[in-house]
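Colleague: TSV, C-alpha atoms, file work_15.tsv:
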chain	number	residue	atom	x	y	z
A	1	MET	CA	-16.37	39.12	0.87
A	2	ALA	CA	-18.97	36.41	0.34
A	3	ALA	CA	-21.24	35.65	3.25
A	4	PRO	CA	-20.79	32.24	4.87
A	5	PRO	CA	-23.47	29.64	4.04
A	6	PRO	CA	-26.35	29.40	6.50
A	7	ALA	CA	-25.77	27.01	9.39
A	8	TRP	CA	-28.50	24.69	8.11
A	9	GLN	CA	-27.00	24.37	4.63
A	10	ASP	CA	-25.24	21.10	3.90
A	11	PRO	CA	-21.49	21.46	3.24
A	12	GLU	CA	-20.31	21.10	-0.32
A	13	PRO	CA	-18.87	17.68	-1.20
A	14	LEU	CA	-15.15	17.54	-1.87
A	15	ALA	CA	-14.34	17.99	-5.55
A	16	LEU	CA	-12.75	14.85	-6.97
A	17	HIS	CA	-10.02	16.83	-8.72
A	18	THR	CA	-8.68	17.87	-5.30
A	19	ALA	CA	-7.72	14.27	-4.43
A	20	PRO	CA	-3.90	13.93	-4.54
A	21	VAL	CA	-3.71	11.07	-7.04
A	22	PRO	CA	-0.65	8.79	-6.73
A	23	GLU	CA	2.31	9.64	-8.95
A	24	TYR	CA	2.00	6.65	-11.24
A	25	GLY	CA	4.41	6.59	-14.16
A	26	GLY	CA	7.66	7.77	-12.60
A	27	GLY	CA	7.14	8.41	-8.90
A	28	SER	CA	5.32	5.44	-7.41
A	29	LEU	CA	6.22	2.08	-5.87
A	30	ALA	CA	5.16	0.37	-9.10
A	31	ASP	CA	7.99	2.18	-10.89
A	32	LEU	CA	10.81	1.06	-8.59
A	33	LEU	CA	11.68	-2.43	-9.82
A	34	PRO	CA	11.28	-1.55	-13.53
A	35	THR	CA	13.86	1.18	-12.89
A	36	LEU	CA	16.29	-1.15	-11.12
A	37	LEU	CA	15.95	-3.90	-13.73
A	38	ALA	CA	16.40	-1.46	-16.61
A	39	GLY	CA	19.70	-0.46	-15.00
A	40	GLN	CA	20.70	-4.13	-14.90
A	41	GLY	CA	19.88	-4.66	-18.57
A	42	VAL	CA	16.68	-6.66	-17.99
A	43	PRO	CA	13.84	-5.77	-20.37
A	44	VAL	CA	10.53	-5.13	-18.61
A	45	PRO	CA	7.31	-5.47	-20.61
A	46	GLY	CA	4.84	-2.63	-20.67
A	47	THR	CA	1.22	-2.69	-19.58
A	48	ALA	CA	-1.53	-4.58	-21.35
A	49	ALA	CA	-2.67	-1.24	-22.78
A	50	GLY	CA	0.68	-0.91	-24.52
A	51	ALA	CA	2.26	1.75	-22.32
A	52	PRO	CA	5.97	1.18	-21.67
A	53	ALA	CA	7.09	0.30	-18.18
A	54	ALA	CA	7.67	3.50	-16.23
A	55	VAL	CA	10.93	4.35	-14.52
A	56	ILE	CA	11.88	6.76	-11.76
A	57	PRO	CA	14.19	9.18	-13.59
A	58	GLU	CA	16.10	10.33	-10.51
A	59	LEU	CA	17.64	6.90	-9.87
A	60	THR	CA	20.94	5.74	-11.35
A	61	PRO	CA	21.86	2.11	-12.15
A	62	ALA	CA	23.66	-0.36	-9.90
A	63	ASP	CA	24.76	-3.93	-10.57
A	64	ARG	CA	23.43	-5.13	-7.22
A	65	ASN	CA	20.13	-3.83	-5.89
A	66	CYS	CA	18.48	-4.51	-2.54
A	67	VAL	CA	14.99	-3.32	-1.58
A	68	PHE	CA	14.20	-3.25	2.15
A	69	LEU	CA	10.47	-2.66	2.63
A	70	ILE	CA	9.33	-1.67	6.13
A	71	ASP	CA	5.61	-2.24	6.46
A	72	GLY	CA	3.77	0.87	7.63
A	73	LEU	CA	6.69	3.26	8.11
A	74	GLY	CA	5.81	6.17	5.87
A	75	TRP	CA	7.61	9.42	5.09
A	76	GLN	CA	5.80	11.51	7.69
A	77	GLN	CA	6.25	8.95	10.45
A	78	ILE	CA	10.02	9.04	9.96
A	79	LYS	CA	10.11	12.86	9.86
A	80	ASP	CA	8.05	12.99	13.05
A	81	HIS	CA	10.28	10.57	15.00
A	82	PRO	CA	13.94	11.57	14.57
A	83	ASP	CA	14.84	10.36	18.06
A	84	GLU	CA	13.47	6.87	17.43
A	85	ALA	CA	14.88	6.65	13.89
A	86	PRO	CA	18.19	8.55	13.85
A	87	TYR	CA	19.72	6.49	11.05
A	88	LEU	CA	16.70	6.67	8.76
A	89	THR	CA	16.38	10.37	9.52
A	90	SER	CA	19.98	10.85	8.38
A	91	LEU	CA	18.96	9.40	5.01
A	92	LEU	CA	16.14	11.86	4.29
A	93	GLY	CA	18.24	13.79	1.80
A	94	THR	CA	19.09	10.64	-0.16
A	95	SER	CA	15.47	9.84	-0.97
A	96	ARG	CA	14.46	9.53	-4.61
A	97	GLY	CA	17.89	9.81	-6.10
A	98	GLY	CA	19.16	12.52	-3.74
A	99	THR	CA	16.27	14.92	-4.31
A	100	GLY	CA	15.05	14.50	-0.73
A	101	ARG	CA	11.55	13.74	-2.01
A	102	PRO	CA	9.27	10.79	-1.26
A	103	VAL	CA	7.38	8.56	-3.68
A	104	THR	CA	3.72	7.55	-3.57
A	105	VAL	CA	2.42	4.05	-2.99
A	106	GLY	CA	-0.74	3.92	-5.11
A	107	PHE	CA	-4.41	3.67	-4.22
A	108	PRO	CA	-5.49	2.28	-1.94
A	109	ALA	CA	-2.52	2.67	0.41
A	110	THR	CA	-2.65	-0.87	1.73
A	111	THR	CA	-0.24	-3.79	1.94
A	112	ALA	CA	-1.69	-6.25	-0.59
A	113	THR	CA	-2.08	-3.55	-3.22
A	114	SER	CA	1.35	-2.05	-2.63
A	115	LEU	CA	3.25	-5.35	-2.57
A	116	ALA	CA	1.60	-6.36	-5.84
A	117	SER	CA	2.62	-3.03	-7.34
A	118	VAL	CA	6.21	-3.52	-6.14
A	119	GLY	CA	6.48	-7.06	-7.46
A	120	THR	CA	4.75	-6.66	-10.82
A	121	GLY	CA	5.71	-3.08	-11.67
A	122	LEU	CA	2.05	-2.44	-12.49
A	123	PRO	CA	-0.54	-0.07	-11.01
A	124	PRO	CA	-3.49	-1.59	-9.11
A	125	GLY	CA	-5.88	-1.35	-12.04
A	126	ALA	CA	-3.58	-3.61	-14.06
A	127	HIS	CA	-2.31	-6.14	-11.52
A	128	GLY	CA	-5.82	-6.52	-10.12
A	129	LEU	CA	-5.43	-6.18	-6.34
A	130	PRO	CA	-7.26	-2.86	-5.91
A	131	GLY	CA	-7.99	-3.04	-2.19
A	132	TYR	CA	-7.90	-4.91	1.09
A	133	THR	CA	-11.19	-6.67	0.31
A	134	VAL	CA	-12.92	-6.46	-3.07
A	135	ARG	CA	-15.79	-8.26	-4.75
A	136	ASP	CA	-14.92	-11.31	-6.85
A	137	PRO	CA	-17.08	-10.91	-9.97
A	138	ALA	CA	-17.06	-14.68	-10.49
A	139	THR	CA	-18.69	-15.44	-7.14
A	140	GLY	CA	-20.16	-12.16	-5.94
A	141	ALA	CA	-18.36	-12.62	-2.59
A	142	LEU	CA	-15.80	-10.37	-0.95
A	143	MET	CA	-12.22	-11.51	-1.50
A	144	ASN	CA	-9.60	-10.65	1.12
A	145	GLN	CA	-6.45	-10.12	-0.95
A	146	LEU	CA	-4.08	-10.06	2.02
A	147	ARG	CA	-5.27	-13.32	3.58
A	148	TRP	CA	-6.52	-14.76	0.26
A	149	ARG	CA	-9.95	-15.77	1.57
A	150	PRO	CA	-12.00	-17.29	0.11
A	151	TRP	CA	-9.56	-19.21	-2.03
A	152	THR	CA	-9.30	-18.40	-5.72
A	153	ASP	CA	-6.60	-19.33	-8.23
A	154	PRO	CA	-3.80	-16.78	-7.64
A	155	HIS	CA	-2.63	-16.82	-11.26
A	156	VAL	CA	-6.11	-16.18	-12.58
A	157	TRP	CA	-6.53	-13.31	-10.14
A	158	GLN	CA	-3.10	-11.82	-11.02
A	159	PRO	CA	-1.83	-13.30	-14.32
A	160	TYR	CA	1.36	-11.30	-14.88
A	161	PRO	CA	4.86	-12.60	-14.10
A	162	THR	CA	6.64	-10.92	-11.24
A	163	LEU	CA	9.69	-8.81	-11.97
A	164	PHE	CA	11.68	-11.14	-9.72
A	165	GLN	CA	10.81	-13.97	-12.11
A	166	LEU	CA	11.88	-11.88	-15.11
A	167	ALA	CA	15.14	-10.95	-13.40
A	168	HIS	CA	15.88	-14.57	-12.50
A	169	ALA	CA	15.17	-15.68	-16.08
A	170	ALA	CA	17.59	-13.02	-17.33
A	171	GLY	CA	20.42	-14.36	-15.19
A	172	VAL	CA	20.19	-11.92	-12.28
A	173	HIS	CA	20.79	-13.54	-8.88
A	174	THR	CA	17.39	-13.06	-7.27
A	175	ALA	CA	16.30	-13.68	-3.68
A	176	GLN	CA	13.65	-12.77	-1.13
A	177	VAL	CA	14.56	-12.73	2.57
A	178	SER	CA	11.55	-12.56	4.86
A	179	SER	CA	9.62	-14.33	7.60
A	180	PRO	CA	9.04	-18.03	6.85
A	181	THR	CA	5.33	-17.31	7.42
A	182	PHE	CA	5.15	-15.67	4.01
A	183	GLU	CA	7.00	-18.27	1.94
A	184	ARG	CA	4.00	-20.07	0.48
A	185	THR	CA	1.24	-17.49	0.66
A	186	PRO	CA	-0.71	-16.72	-2.53
A	187	LEU	CA	0.24	-13.04	-2.23
A	188	THR	CA	3.94	-13.95	-2.21
A	189	GLU	CA	3.39	-16.28	-5.14
A	190	ILE	CA	1.80	-13.70	-7.42
A	191	ALA	CA	3.68	-10.61	-6.24
A	192	LEU	CA	7.12	-11.47	-4.86
A	193	SER	CA	8.20	-14.90	-6.11
A	194	GLY	CA	11.19	-15.55	-8.37
A	195	GLY	CA	14.65	-16.82	-7.57
A	196	THR	CA	15.00	-18.22	-4.05
A	197	PHE	CA	12.96	-17.50	-0.90
A	198	HIS	CA	14.87	-17.52	2.39
A	199	GLY	CA	12.75	-17.61	5.54
A	200	LEU	CA	14.39	-16.36	8.73
A	201	LEU	CA	12.76	-15.35	11.99
A	202	SER	CA	14.99	-12.65	13.44
A	203	GLY	CA	15.47	-9.27	11.84
A	204	GLU	CA	19.24	-9.43	12.31
A	205	GLU	CA	19.41	-12.75	10.47
A	206	ARG	CA	17.43	-11.31	7.60
A	207	MET	CA	19.72	-8.30	7.25
A	208	ASP	CA	22.85	-10.44	7.31
A	209	LEU	CA	21.50	-12.90	4.75
A	210	ALA	CA	20.18	-10.13	2.51
A	211	ALA	CA	23.68	-8.66	2.37
A	212	ALA	CA	25.18	-12.08	1.64
A	213	GLN	CA	22.65	-12.73	-1.13
A	214	LEU	CA	23.38	-9.33	-2.62
A	215	ALA	CA	27.06	-10.28	-2.88
A	216	ALA	CA	26.28	-13.70	-4.40
A	217	GLY	CA	25.97	-12.51	-8.00
A	218	ASP	CA	27.60	-10.04	-10.35
A	219	ARG	CA	24.05	-8.78	-10.90
A	220	SER	CA	21.74	-9.23	-7.93
A	221	LEU	CA	18.21	-8.31	-6.94
A	222	VAL	CA	17.32	-8.92	-3.28
A	223	TYR	CA	14.11	-8.07	-1.44
A	224	THR	CA	13.73	-8.11	2.32
A	225	TYR	CA	10.81	-7.14	4.52
A	226	TYR	CA	9.85	-6.30	8.09
A	227	SER	CA	6.21	-6.22	9.24
A	228	GLU	CA	6.01	-5.37	12.94
A	229	VAL	CA	6.04	-1.56	12.72
A	230	ASP	CA	2.69	-1.89	10.96
A	231	GLY	CA	1.46	-4.55	13.37
A	232	LYS	CA	2.15	-2.48	16.48
A	233	GLY	CA	0.71	0.64	14.85
A	234	HIS	CA	-2.58	-1.09	14.11
A	235	LYS	CA	-2.88	-2.52	17.60
A	236	PHE	CA	-1.55	0.26	19.81
A	237	GLY	CA	-1.17	3.37	17.63
A	238	MET	CA	1.84	5.54	16.95
A	239	ASP	CA	1.77	7.19	20.36
A	240	SER	CA	2.53	3.87	22.01
A	241	ASP	CA	5.81	2.64	23.43
A	242	ALA	CA	5.29	-0.59	21.49
A	243	TRP	CA	5.23	1.25	18.15
A	244	ARG	CA	8.16	3.50	19.01
A	245	GLY	CA	10.17	0.48	20.12
A	246	GLN	CA	9.62	-1.17	16.75
A	247	VAL	CA	10.76	1.99	14.94
A	248	MET	CA	13.94	2.03	17.02
A	249	TYR	CA	14.54	-1.63	16.22
A	250	VAL	CA	13.98	-1.35	12.49
A	251	ASP	CA	16.21	1.74	12.38
A	252	ARG	CA	19.05	-0.41	13.73
A	253	LEU	CA	18.22	-3.15	11.21
A	254	ALA	CA	18.46	-0.70	8.31
A	255	GLN	CA	21.86	0.50	9.49
A	256	ARG	CA	23.05	-3.08	9.98
A	257	LEU	CA	22.15	-3.93	6.38
A	258	ALA	CA	23.62	-0.72	4.96
A	259	GLU	CA	26.96	-1.33	6.67
A	260	GLN	CA	27.31	-4.75	4.99
A	261	LEU	CA	26.71	-3.76	1.37
A	262	PRO	CA	29.08	-5.44	-1.08
A	263	PRO	CA	30.78	-3.42	-3.85
A	264	ARG	CA	28.68	-1.98	-6.68
A	265	ALA	CA	25.51	-2.19	-4.61
A	266	ALA	CA	22.55	0.08	-3.92
A	267	LEU	CA	20.16	-0.32	-1.01
A	268	TYR	CA	16.67	1.19	-1.28
A	269	ILE	CA	14.65	1.53	1.92
A	270	THR	CA	10.94	2.12	1.41
A	271	ALA	CA	7.47	1.27	2.76
A	272	ASP	CA	4.09	0.10	1.51
A	273	HIS	CA	2.08	2.91	3.14
A	274	GLY	CA	2.06	5.36	6.01
A	275	MET	CA	-0.41	5.36	8.89
A	276	ILE	CA	-2.73	7.61	10.86
A	277	ASP	CA	-4.17	7.16	14.36
A	278	ILE	CA	-7.93	7.70	14.60
A	279	PRO	CA	-9.61	8.55	17.94
A	280	PHE	CA	-12.36	6.31	19.29
A	281	ASP	CA	-15.26	8.77	19.18
A	282	GLU	CA	-18.45	9.07	17.14
A	283	GLU	CA	-17.19	11.94	15.02
A	284	SER	CA	-14.03	10.11	13.99
A	285	ARG	CA	-15.43	6.57	13.61
A	286	ILE	CA	-18.59	6.11	11.54
A	287	ASP	CA	-20.04	2.63	12.04
A	288	PHE	CA	-21.54	1.38	8.78
A	289	ASP	CA	-23.30	-1.46	10.57
A	290	GLU	CA	-25.16	1.05	12.76
A	291	ASP	CA	-25.96	3.62	10.05
A	292	TRP	CA	-29.18	2.84	8.17
A	293	GLU	CA	-28.60	5.68	5.72
A	294	LEU	CA	-25.21	4.39	4.52
A	295	ARG	CA	-26.47	0.78	4.43
A	296	ALA	CA	-29.45	1.54	2.20
A	297	GLY	CA	-29.05	-0.12	-1.19
A	298	VAL	CA	-25.64	-1.58	-0.33
A	299	ALA	CA	-25.10	-5.28	-1.04
A	300	LEU	CA	-21.46	-5.50	0.09
A	301	LEU	CA	-19.02	-3.22	1.89
A	302	GLY	CA	-15.42	-3.81	0.86
A	303	GLY	CA	-12.04	-2.14	1.19
A	304	GLU	CA	-11.06	-0.83	4.61
A	305	GLY	CA	-11.95	2.05	6.87
A	306	ARG	CA	-10.21	4.83	4.95
A	307	ALA	CA	-10.64	3.41	1.44
A	308	ARG	CA	-14.04	1.83	0.95
A	309	HIS	CA	-15.36	-0.14	-2.02
A	310	VAL	CA	-19.16	0.00	-1.90
A	311	TYR	CA	-21.12	-2.53	-3.99
A	312	ALA	CA	-24.72	-1.57	-4.59
A	313	VAL	CA	-27.77	-3.73	-5.05
A	314	PRO	CA	-28.35	-3.87	-8.84
A	315	GLY	CA	-30.23	-0.75	-9.89
A	316	ALA	CA	-29.34	1.20	-6.74
A	317	GLU	CA	-25.91	2.44	-7.84
A	318	THR	CA	-26.95	6.06	-8.44
A	319	ASP	CA	-28.91	6.28	-5.21
A	320	VAL	CA	-26.02	4.86	-3.16
A	321	LEU	CA	-23.59	7.32	-4.72
A	322	THR	CA	-25.95	10.22	-3.97
A	323	VAL	CA	-26.46	9.23	-0.34
A	324	TRP	CA	-22.78	8.57	0.35
A	325	ARG	CA	-21.92	11.97	-1.12
A	326	GLU	CA	-24.58	13.69	0.94
A	327	VAL	CA	-23.59	11.99	4.19
A	328	LEU	CA	-19.80	11.80	3.80
A	329	GLY	CA	-18.82	14.05	0.91
A	330	ASP	CA	-17.31	16.82	3.03
A	331	ARG	CA	-14.96	14.32	4.74
A	332	PHE	CA	-14.37	11.75	1.99
A	333	TRP	CA	-13.71	11.95	-1.71
A	334	VAL	CA	-16.70	9.93	-2.96
A	335	ALA	CA	-16.62	8.76	-6.58
A	336	SER	CA	-18.44	6.36	-8.83
A	337	ARG	CA	-16.38	3.53	-10.27
A	338	ASP	CA	-16.10	5.31	-13.62
A	339	GLU	CA	-15.16	8.61	-11.96
A	340	ALA	CA	-12.45	6.99	-9.82
A	341	ILE	CA	-10.98	5.23	-12.85
A	342	ALA	CA	-11.11	8.37	-15.00
A	343	ALA	CA	-9.45	10.39	-12.23
A	344	GLY	CA	-6.50	7.97	-12.22
A	345	TRP	CA	-6.99	6.60	-8.72
A	346	PHE	CA	-6.09	3.05	-9.76
A	347	GLY	CA	-3.55	3.89	-12.45
A	348	PRO	CA	-2.99	6.15	-15.45
A	349	PRO	CA	-5.80	6.42	-18.02
A	350	GLY	CA	-6.16	3.22	-20.02
A	351	THR	CA	-4.41	0.92	-17.53
A	352	VAL	CA	-7.44	-0.38	-15.62
A	353	GLU	CA	-8.19	-3.73	-17.22
A	354	GLU	CA	-11.67	-5.10	-17.83
A	355	ARG	CA	-11.10	-8.08	-15.54
A	356	VAL	CA	-10.36	-5.58	-12.73
A	357	ARG	CA	-13.18	-3.06	-13.29
A	358	ALA	CA	-15.88	-5.12	-11.60
A	359	ARG	CA	-13.63	-5.67	-8.55
A	360	ILE	CA	-13.74	-1.91	-7.93
A	361	GLY	CA	-16.75	-0.66	-5.98
A	362	ASP	CA	-19.76	0.91	-7.64
A	363	VAL	CA	-18.88	3.71	-5.23
A	364	VAL	CA	-15.36	4.38	-3.92
A	365	ALA	CA	-14.87	6.50	-0.79
A	366	ALA	CA	-11.40	7.76	0.17
A	367	ALA	CA	-10.94	9.62	3.46
A	368	HIS	CA	-9.85	13.25	3.43
A	369	ASP	CA	-10.30	14.05	7.13
A	370	ASP	CA	-9.12	12.15	10.22
A	371	VAL	CA	-12.06	9.77	10.02
A	372	VAL	CA	-12.71	6.10	9.35
A	373	ILE	CA	-15.74	4.02	8.29
A	374	THR	CA	-15.82	0.98	10.55
A	375	ALA	CA	-18.11	-2.05	10.42
A	376	SER	CA	-18.33	-3.26	14.00
A	377	VAL	CA	-20.34	-6.41	13.22
A	378	GLN	CA	-18.76	-7.44	9.91
A	379	GLU	CA	-15.21	-6.36	10.75
A	380	PRO	CA	-14.71	-6.45	14.53
A	381	ARG	CA	-10.93	-6.93	14.33
A	382	GLU	CA	-10.36	-4.11	11.83
A	383	SER	CA	-12.80	-1.83	13.66
A	384	ALA	CA	-10.71	-2.09	16.84
A	385	MET	CA	-7.50	-0.88	15.15
A	386	VAL	CA	-5.96	2.35	16.44
A	387	GLY	CA	-3.65	3.03	13.50
A	388	VAL	CA	-5.17	2.76	10.02
A	389	HIS	CA	-4.36	3.61	6.41
A	390	GLY	CA	-5.68	3.31	2.88
A	391	SER	CA	-6.49	6.75	1.48
A	392	MET	CA	-4.66	9.34	-0.63
A	393	THR	CA	-3.68	11.80	2.09
A	394	PRO	CA	0.05	12.54	2.27
A	395	VAL	CA	0.47	10.78	5.63
A	396	GLU	CA	-0.76	7.53	4.04
A	397	GLN	CA	0.52	7.91	0.47
A	398	LEU	CA	4.05	9.24	0.84
A	399	VAL	CA	6.86	6.81	1.60
A	400	PRO	CA	10.64	7.14	1.55
A	401	LEU	CA	12.90	5.85	-1.17
A	402	PHE	CA	16.12	6.14	0.80
A	403	GLU	CA	19.33	5.14	-0.98
A	404	VAL	CA	22.64	3.88	0.34
A	405	ARG	CA	25.47	2.93	-2.02
A	406	SER	CA	28.67	1.04	-1.39
Taking this structure as input, can you express it in the form of structure tokens?

Modeller:
Amino acid sequence: MAAPPPAWQDPEPLALHTAPVPEYGGGSLADLLPTLLAGQGVPVPGTAAGAPAAVIPELTPADRNCVFLIDGLGWQQIKDHPDEAPYLTSLLGTSRGGTGRPVTVGFPATTATSLASVGTGLPPGAHGLPGYTVRDPATGALMNQLRWRPWTDPHVWQPYPTLFQLAHAAGVHTAQVSSPTFERTPLTEIALSGGTFHGLLSGEERMDLAAAQLAAGDRSLVYTYYSEVDGKGHKFGMDSDAWRGQVMYVDRLAQRLAEQLPPRAALYITADHGMIDIPFDEESRIDFDEDWELRAGVALLGGEGRARHVYAVPGAETDVLTVWREVLGDRFWVASRDEAIAAGWFGPPGTVEERVRARIGDVVAAAHDDVVITASVQEPRESAMVGVHGSMTPVEQLVPLFEVRS
């Protein structure tokens, strides 16, 4: 038996090949709508690199398809809370075409990236929203892709048509049913638009209208969304009554929608990411703004706590990569831009487009342990969050693809 390393010896950095890369090309969120549209006879173009649109082979066609996306309610959260989510728990065996398996969301596991993958059918390296905040190569400033600040032309940032637009053009009755807050946001425009948007405030109203819209065409594609599970998780954590109350509520919403499905319909219940609670202690929360070693040579810090894009001062890229590996490499997978792309973090080989490459950090750090890189000065709101997400760990990556058929 080999002797353990001396106590003074630095731990070995995590090998990049041990990162559980998302299952792009047949088992990710990006593959869901291409699968549904193929079953409705709607051709879906491939990627810019020429690869055909991927499909999830376990799914079978339906004339009417509804996707209900619950923000932040991942596979593990449902399995861990059967009392709060009895209906969703009863659907575990239906996931991914009755295999009882989850799908992956893509990297990073964050809302803007995932919703763009859902709506375009493309991995992050192709649709171009590869993080919560990323550098805009045209300006050199950080771009928040959820809040779309600072403003940039949405159709330059993400030039592909949405699959809802393709479905609508092919004669499929297409609708989105969500909060009116999201109707005119740039993210909705470039990821989820096509057909008709219906803005309703209450969850019950959304479920009822989604069912009605599903019945409104011989071929239908309806998307509906609920955000507050994620909101309460960020603010209070998953041990809170507020979060558990939201899970109980959304469980009832899912059942309400399922019980109203018209004939020849399939309902798919999924999520954009899971979530993990991180304690408020120095071991679990590393403050970039207070760490001179991590700040050295860094021009911009992007991404979010568990999936960081690090942009180096020109000429300092190698030094920044070395330091981040030395300081964090036993708790984070730390890769150069080229290494992360080659490893398939942002999509299969050949799918990361040139316009997207420079948006990805010179260094990319994805959390392995229960740890987060905060930035208390630059990101006070995000640094105060209890529940977080973003990385490639199963609790963040795996989401349900529950199926109910009429």

Colleague: Write out as a ChimeraX atom specification each polymer residue whose atoms come within 9 Å of stretch 186-195 of chain A, counting all atoms listed in the file; drop sequence neighbours fewer than 3 positions from it.

Modeller: /A:112,115-120,145-148,153-155,157-169,172-176,182-183,223

Colleague: Name all residues at most 9 Å from A:Leu88 (count only C-alpha atoms; drop same-chain ones fewer than 5 positions away) and give them as a ChimeraX atom specification.

Modeller: /A:78,82,251-252,254-255,269,402

Colleague: Can you work out which one of A:Glu403, A:Gln213, A:Thr224, A:Trp345 has the shortest atom-to-atom distance to A:Leu59, counting all atoms listed in the file?

Modeller: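 So, comparing all the options, the nearest one is A:Glu403.
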
Colleague: May I have the residues within 6 Å of stretch 394-398 of chain A as a PDB file with C-alpha atoms, in the frame of the given file, using all atoms listed in the file and disregarding those fewer than 4 positions away in the same chain?

Modeller:
ATOM      1  CA  TRP A  75       7.610   9.420   5.090  1.00  0.00           C
ATOM      2  CA  GLN A  76       5.800  11.510   7.690  1.00  0.00           C
ATOM      3  CA  PRO A 102       9.270  10.790  -1.260  1.00  0.00           C
ATOM      4  CA  VAL A 103       7.380   8.560  -3.680  1.00  0.00           C
ATOM      5  CA  THR A 104       3.720   7.550  -3.570  1.00  0.00           C
ATOM      6  CA  VAL A 105       2.420   4.050  -2.990  1.00  0.00           C
ATOM      7  CA  HIS A 273       2.080   2.910   3.140  1.00  0.00           C
ATOM      8  CA  GLY A 274       2.060   5.360   6.010  1.00  0.00           C
ATOM      9  CA  MET A 275      -0.410   5.360   8.890  1.00  0.00           C
ATOM     10  CA  HIS A 389      -4.360   3.610   6.410  1.00  0.00           C
TER      11      HIS A 389
END

Colleague: Using all atoms listed in the file, determine which residues lie at most 8 Å from stretch 329-339 of chain A, disregarding the query and same-chain residues fewer than 5 positions distant; provide the list as a PDB file with C-alpha atoms, keeping the file's coordinate frame.

Modeller:
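The file below, part-v9.pdb, is the result:
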ATOM      1  CA  PRO A  11     -21.490  21.460   3.240  1.00  0.00           C
ATOM      2  CA  GLU A  12     -20.310  21.100  -0.320  1.00  0.00           C
ATOM      3  CA  PRO A  13     -18.870  17.680  -1.200  1.00  0.00           C
ATOM      4  CA  LEU A  14     -15.150  17.540  -1.870  1.00  0.00           C
ATOM      5  CA  ALA A  15     -14.340  17.990  -5.550  1.00  0.00           C
ATOM      6  CA  LEU A  16     -12.750  14.850  -6.970  1.00  0.00           C
ATOM      7  CA  ALA A  19      -7.720  14.270  -4.430  1.00  0.00           C
ATOM      8  CA  LEU A 321     -23.590   7.320  -4.720  1.00  0.00           C
ATOM      9  CA  TRP A 324     -22.780   8.570   0.350  1.00  0.00           C
ATOM     10  CA  ARG A 357     -13.180  -3.060 -13.290  1.00  0.00           C
ATOM     11  CA  ILE A 360     -13.740  -1.910  -7.930  1.00  0.00           C
ATOM     12  CA  GLY A 361     -16.750  -0.660  -5.980  1.00  0.00           C
ATOM     13  CA  ASP A 362     -19.760   0.910  -7.640  1.00  0.00           C
ATOM     14  CA  VAL A 363     -18.880   3.710  -5.230  1.00  0.00           C
ATOM     15  CA  VAL A 364     -15.360   4.380  -3.920  1.00  0.00           C
ATOM     16  CA  ALA A 365     -14.870   6.500  -0.790  1.00  0.00           C
ATOM     17  CA  ALA A 366     -11.400   7.760   0.170  1.00  0.00           C
ATOM     18  CA  ALA A 367     -10.940   9.620   3.460  1.00  0.00           C
ATOM     19  CA  HIS A 368      -9.850  13.250   3.430  1.00  0.00           C
ATOM     20  CA  ASP A 369     -10.300  14.050   7.130  1.00  0.00           C
ATOM     21  CA  VAL A 371     -12.060   9.770  10.020  1.00  0.00           C
TER      22      VAL A 371
END

Colleague: Find the residues near A:Leu267: any atom within 9 Å, counting only C-alpha atoms, skip ones fewer than 5 places away on the same chain, and give them as a PyMOL selection string.

Modeller: chain A and resi 64-68+257-258+261+402-406

Colleague: Provide the atom CA of A:Leu69 to atom CA of A:Tyr226 distance in Å, to one decimal place.

Modeller: 6.6 Å

Colleague: Restricting the calculation to all atoms listed in the file: of A:Leu73, A:Pro180, A:Glu382, A:His198, which residue gets closest to A:Ala85?

Modeller: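 Distance minimum relative to A:Ala85 lands on A:Leu73.
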
Colleague: For A:Gly303, which of A:Thr196, A:Thr89, A:Thr152, A:Ser391 is the closest residue, counting all atoms listed in the file?

Modeller: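 Result for the nearest residue to A:Gly303: A:Ser391.
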
Colleague: Which residue out of A:Ala109, A:Leu253, A:Ala307, A:Val313 has the minimum interatomic distance to A:Gly140 when all atoms listed in the file are used?

Modeller: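 So, comparing all the options, the nearest one is A:Val313.
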